[in-house]
Amino acid sequence: MDQKDVRSLLRLMKSQGVAEFSWKQDGAEMSVKFGGYAVAPVVVAAPPVGVAAPTAPSAAPAPKAAAEGRVIRSPIVGTFYRSPSPDQAAYVSVGDKVRKGQVVCIVEAMKLMNQVESDVDGVVAEILVDNSQPVQFGQELFRLTPG
Amino acid sequence: MDQKDVRSLLRLMKSQGVAEFSWKQDGAEMSVKFGGYAVAPVVVAAPPVGVAAPTAPSAAPAPKAAAEGRVIRSPIVGTFYRSPSPDQAAYVSVGDKVRKGQVVCIVEAMKLMNQVESDVDGVVAEILVDNSQPVQFGQELFRLTPG
Amino acid sequence: MFRKVLIANRGEIAMRVVRACRELGIRTVAVYSEADRHALHVKFADESVCIGPPQARLSYLNIPAVISAADITRADAVHPGYGFLAENSTFAEAVNAHGMTFIGPSPEHLRQFGDKLSAKAAARAAGLPLLPGSHGAVDSLDECVEVARLIGYPLMLKAASGGGGKGMRVVEDEETLRKVFAVTSAEALAAFGSGAVFLERFLRTPRHIEVQFAGDRFGAAVHVGERDCSMQRRHQKIIEEAPAPGLAEDLRDRIRAAAARLVASTGYVTVGTCEFLVEGDEFFFLEVNPRIQVEHPVTEMVTGIDLVQLQIRLAAGEPMPFAQSEVRLRGHAIELRVNAEDPWKFTPSPGRITGYHAPGGPGIRVDSAVHEGAMVQPYYDSLVAKIIAYAPDRESAIRKLLGALDEVVVEGIRTSLPLQKLLLSDPAFSGVRFHTRYIDDWLKSRPG
Amino acid sequence: MFRKVLIANRGEIAMRVVRACRELGIRTVAVYSEADRHALHVKFADESVCIGPPQARLSYLNIPAVISAADITRADAVHPGYGFLAENSTFAEAVNAHGMTFIGPSPEHLRQFGDKLSAKAAARAAGLPLLPGSHGAVDSLDECVEVARLIGYPLMLKAASGGGGKGMRVVEDEETLRKVFAVTSAEALAAFGSGAVFLERFLRTPRHIEVQFAGDRFGAAVHVGERDCSMQRRHQKIIEEAPAPGLAEDLRDRIRAAAARLVASTGYVTVGTCEFLVEGDEFFFLEVNPRIQVEHPVTEMVTGIDLVQLQIRLAAGEPMPFAQSEVRLRGHAIELRVNAEDPWKFTPSPGRITGYHAPGGPGIRVDSAVHEGAMVQPYYDSLVAKIIAYAPDRESAIRKLLGALDEVVVEGIRTSLPLQKLLLSDPAFSGVRFHTRYIDDWLKSRPG
């Protein structure tokens, strides 16, 4: 890593609002802390890519989403239900194939049952919220693997 | 990384509001911590060590004192007088040789006339305070060149 | 008393409500948009719920999201702060419909005071003076002259269908009225399709004086003193103070009593403000703000009454904790709104605050939701902090505030402080020779 | 009134004096040691003079340097703050001899109250109760028993020549006294070369109550209410409040009146404090602090009186600006001293403050001289900031202070706050079941 790299990294970090950063490679290491006071870092350490180029890294990191699987998030605040009603089966379970547009759960808000549709195809790998638990806007509900 | 690089890096970090920075590579390392709010930075950039330097920095800067000449400072708060009394000649003037231990001026404090002695040999290059002006503790009074 | 209050707001007012609840032993729920994840009100509330993306329309103004957040956290009351949903009667109704208490007036009162005409009707019914006007369209010169004789001069002539100051004329006397009626009417016809005009008394140098009031469910109605908020830039208050300086005691008493009368006659519950225009020894009802206001701290400083706690207590059904005779003002308080904006061009200046230091010492209060490293979001209003100075008299309060301005540090963004510093040092401010158009005139007359 | 005041101090009290002068329209001169070049009091004073190297002995305690700084800046008065030269009669004399005013009592009063014996004599002359004791050495058992009957039990038996708590015994009754006299006397003889002992009434759980007072040059003498400073760790006050909680009104009145009587009888001018020990319904004179005190803000909060401004006015020869009957207390105030120290080991923790955020909101006052990036110097006392909470009642003030402690951020150094947070939440504190030895006992009883 030469000075230009450090410079562009710093600018990058700044633009990303990084609060602290530390880096180490082949005996080289770097650590940066921005701004002071209690700001939880907003970021998001992109995992280094497989090959791990000895001196000069280079290749852009693989998109995180692809590596970790796709995620379905709650589009609204409310209460999460896996099935249309207590006596009915769950919309989806772990291992089920899901297609884009398919209803995967309900989030109840203001007594209204809002159906949540998947925006991708995939296989349900994990259900991240228990039935009838509150969820926030943007909270992760399901993790899918590419199916 | 040479000294110029460090300098421009520091400027960059400052402009970006970096609070702390540390860096290490091939036995070289660097760490910086900025002080926030209104405080003159206390830094302390340790010059990179000789061997590692790929582009090779080199000579340490000459000691500032030697380059700028010696300075006689006021040992107390008070009023600066160049002569023992208004109708007498000044102790020293620009161009005069001064020996260690020689009285160069008076600083009056609490109605007491305190003689100030030079703690070095040299030639008076500049007189930094006008006659009968107030001076603070540690304020520069005379600049000498090695004579 | 409530067990848990959801705060449907952000910024300094959300922090203000957190602090009030903390002291009352009530738990708090913060709601926040994705942009405010690291905001102080989120950090200091007992719980928090993300309710939407950065745009206010999709988060802080999103009624279903706010109600759902209250639902899932089992809050039993909602504090709306100011702005956003604070005066939205639909929201207040939804809060009530979900079995929670809206910490503010009833939906009916929000509607009554949200509508200019019904607000004026209520004021008139309570015997409050309104700005004399034609109370409707006038379409002949003769009628115009007749109405004008009742109103008195100077008066304002404007297109009845117009808006935004278009087609407005200040008329000094009857002779001028006769001259300008035809052209004003013609302009109105051309611009709005109707030649009817409207007349209203014109105040040359009015002061904006507002009275803080409070009512309980048992009919108690009190005023808590008045504030002067005449120092406005383009109708935005930027310096506020209590009590209003240089007011004849008799006029002050009449204004305060008028506000209390309005509360009593409308049965308003919780806290609110009645705004007046004042000129000479006359005052005229302007509107009611049925919520806690940005400038409430100056009243708190001179009365020792915590208005947000009072608001919560009254909403919870408690009786007024003091009588009118127990409201005693002591000293003088001035508030500055620190806005994230260019002090001269007034363009917003969002961004990260890279350096921050709050002023301190006796009589200095700072209400803020920022800190070193905080992000001032571009999505919401530009109020960053409020600095309030309290001293035994107005002159000392001004000096104290000027001193505090020397101490304050806000780096990384521009703020309104340089403008406010000049205004505080302006002899017209210390001499109480200002009115609602003072700052705009002053800015126009500045070189450059 | 003075034109220019030199502030012979540093830290928060120097900032406090800067703020007071600013409001009075007086120019200020800061003095500083080389270590304090970037300190806030230097930044905010109108002028500043470096008076010496970091060691206090060579700078802030250096009388010629301070006087010279006042000379060259043509100051007409010197404010000594607290600590350093504040109670040094030689300094006060030097200030006066150079034609300037010392903002504090006369050198004579400094001497009178600086000496324990003459202070007690003045108190006795003014009719203030002193802790009963033998008032001298006693060397026979018979005399001892006789004196003890006058003093009453429990009492403290100690070597007359001793010091520092050595050879001290608490004696519960006459029987025990007879038993322990011989051994105490023998120990005293062995340790100090004299077997004489001294007897004094022993207070098991005394509270430290002090009365703020003020006097002017024309004989006015008033008290400004009392403070409770019983929450002490090794004789260091760490939590202070006003008014003193849980005091019988009759006792409170007697204590206040006693202090005012002492001011009147001694002709003391400017502000000061009279300290008492209180147990049950008795109180005993301890000493006079002839200066402004660290904990003065709690009195300011409940009375609305700016004590530093008052001190300056009285020093300038102005008459007392209010009568005793006009001193009215409202609400309750509590102050925490934020010390730069390990909260459990009490070792100093100087260093650079890497993160700092002051608490805010209504009723919160912060007196400090630090900021993010400031250096807490190892050369001076460890007081970094004072946080004061004011509320209508004590319970609300405690809650407010606890809330403020959640908000405060001091990073880079350790502070006393974790200890104070526990103490504020301690039922013995809220229930007013504490005394001057409470914290030390509590620390001993803590596990670990």
# chains A, B, ... in the order shown; residues from 1 in each chain; ligands from 1
call {"tool": "interface_residues", "arguments": {"of": "chain C", "to": "chain D", "cutoff": "9 Å", "atoms": "only C-alpha atoms", "output": "number ranges by chain"}}
result
C: 15-16, 19-20, 22-25, 44, 297, 300-301, 304-306, 330-331, 355-368, 371-372, 391-392, 395-400, 403-404, 406-407
call {"tool": "select_by_dssp", "arguments": {"residues": "region 212-424 of chain D", "states": "strand (DSSP E)", "output": "number ranges by chain"}}
result
D: 212-215, 221-233, 236-242, 270-279, 282-289, 332-339, 351-352, 355-357, 364-368, 375-376, 383-391, 409-411
call {"tool": "closest_atom_pairs", "arguments": {"of": "chain C", "to": "chain A", "cutoff": "12 Å", "atoms": "only C-alpha atoms", "output": "tab-separated table"}}
result
residue	atom	partner	partner_atom	distance
C:Val31	CA	A:Gln136	CA	9.8
C:Tyr32	CA	A:Phe137	CA	9.6
C:Ser33	CA	A:Phe137	CA	8.6
C:Glu34	CA	A:Gly138	CA	8.5
C:Ala35	CA	A:Val42	CA	10.7
C:Asp36	CA	A:Val42	CA	11.3
C:Arg37	CA	A:Val42	CA	9.1
C:His38	CA	A:Val39	CA	6.6
C:Ala39	CA	A:Val39	CA	8.9
C:Leu40	CA	A:Ala38	CA	9.8
C:Lys43	CA	A:Ala38	CA	9.8
C:Glu47	CA	A:Gln136	CA	11.9
C:Ser48	CA	A:Gln136	CA	9.2
C:Val49	CA	A:Gln136	CA	5.8
C:Cys50	CA	A:Phe137	CA	5.3
C:Ile51	CA	A:Phe137	CA	5.0
C:Gly52	CA	A:Phe137	CA	5.4
C:Pro53	CA	A:Phe137	CA	8.1
C:Pro54	CA	A:Phe137	CA	11.4
C:Leu58	CA	A:Ile76	CA	10.0
C:Ser59	CA	A:Phe137	CA	9.3
C:Asn62	CA	A:Ile76	CA	10.3
C:Ile63	CA	A:Met110	CA	9.5
C:Pro64	CA	A:Met110	CA	6.2
C:Ala65	CA	A:Val77	CA	5.6
C:Val66	CA	A:Val77	CA	8.1
C:Ile67	CA	A:Met110	CA	6.6
C:Ser68	CA	A:Ala109	CA	5.2
C:Ala69	CA	A:Val77	CA	6.1
C:Ala70	CA	A:Gly78	CA	9.4
C:Asp71	CA	A:Gly78	CA	7.7
C:Ile72	CA	A:Pro134	CA	5.6
C:Thr73	CA	A:Pro134	CA	8.0
C:Arg74	CA	A:Pro134	CA	10.5
C:Ala94	CA	A:Met110	CA	9.1
C:Val95	CA	A:Met110	CA	10.2
C:Ala97	CA	A:Met110	CA	10.0
C:His98	CA	A:Met110	CA	8.0
C:Gly99	CA	A:Met110	CA	11.6
C:Gly351	CA	A:Gly17	CA	10.8
C:Arg352	CA	A:Gly17	CA	9.0
C:Ile353	CA	A:Gly35	CA	8.7
C:Thr354	CA	A:Gly35	CA	6.4
C:Gly355	CA	A:Gly35	CA	8.4
C:Tyr356	CA	A:Tyr37	CA	10.3
C:Val370	CA	A:Tyr37	CA	10.6
C:His371	CA	A:Tyr37	CA	7.4
C:Glu372	CA	A:Tyr37	CA	6.1
C:Gly373	CA	A:Gly35	CA	5.1
C:Ala374	CA	A:Val39	CA	7.4
C:Met375	CA	A:Gly17	CA	9.5
C:Glu411	CA	A:Gly35	CA	11.6
C:Gly412	CA	A:Gly35	CA	10.9
call {"tool": "residues_around", "arguments": {"residues": "Val224 (chain D)", "least_positions_apart": "5", "cutoff": "10 Å", "atoms": "only C-alpha atoms", "output": "PyMOL selection string"}}
result
chain D and resi 211-214+256+259-260+271+273+299-300+302-303+305+307+324+326-329
call {"tool": "atom_distance", "arguments": {"atom1": "CA of Leu177 (chain D)", "atom2": "CA of Leu128 (chain D)"}}
result
28.5 Å
call {"tool": "residues_around", "arguments": {"residues": "Gly195 (chain C)", "least_positions_apart": "4", "cutoff": "10 Å", "atoms": "only C-alpha atoms", "output": "count of residues only"}}
result
17
call {"tool": "atom_distance", "arguments": {"atom1": "CA of Leu141 (chain B)", "atom2": "CA of His41 (chain D)"}}
result
25.8 Å
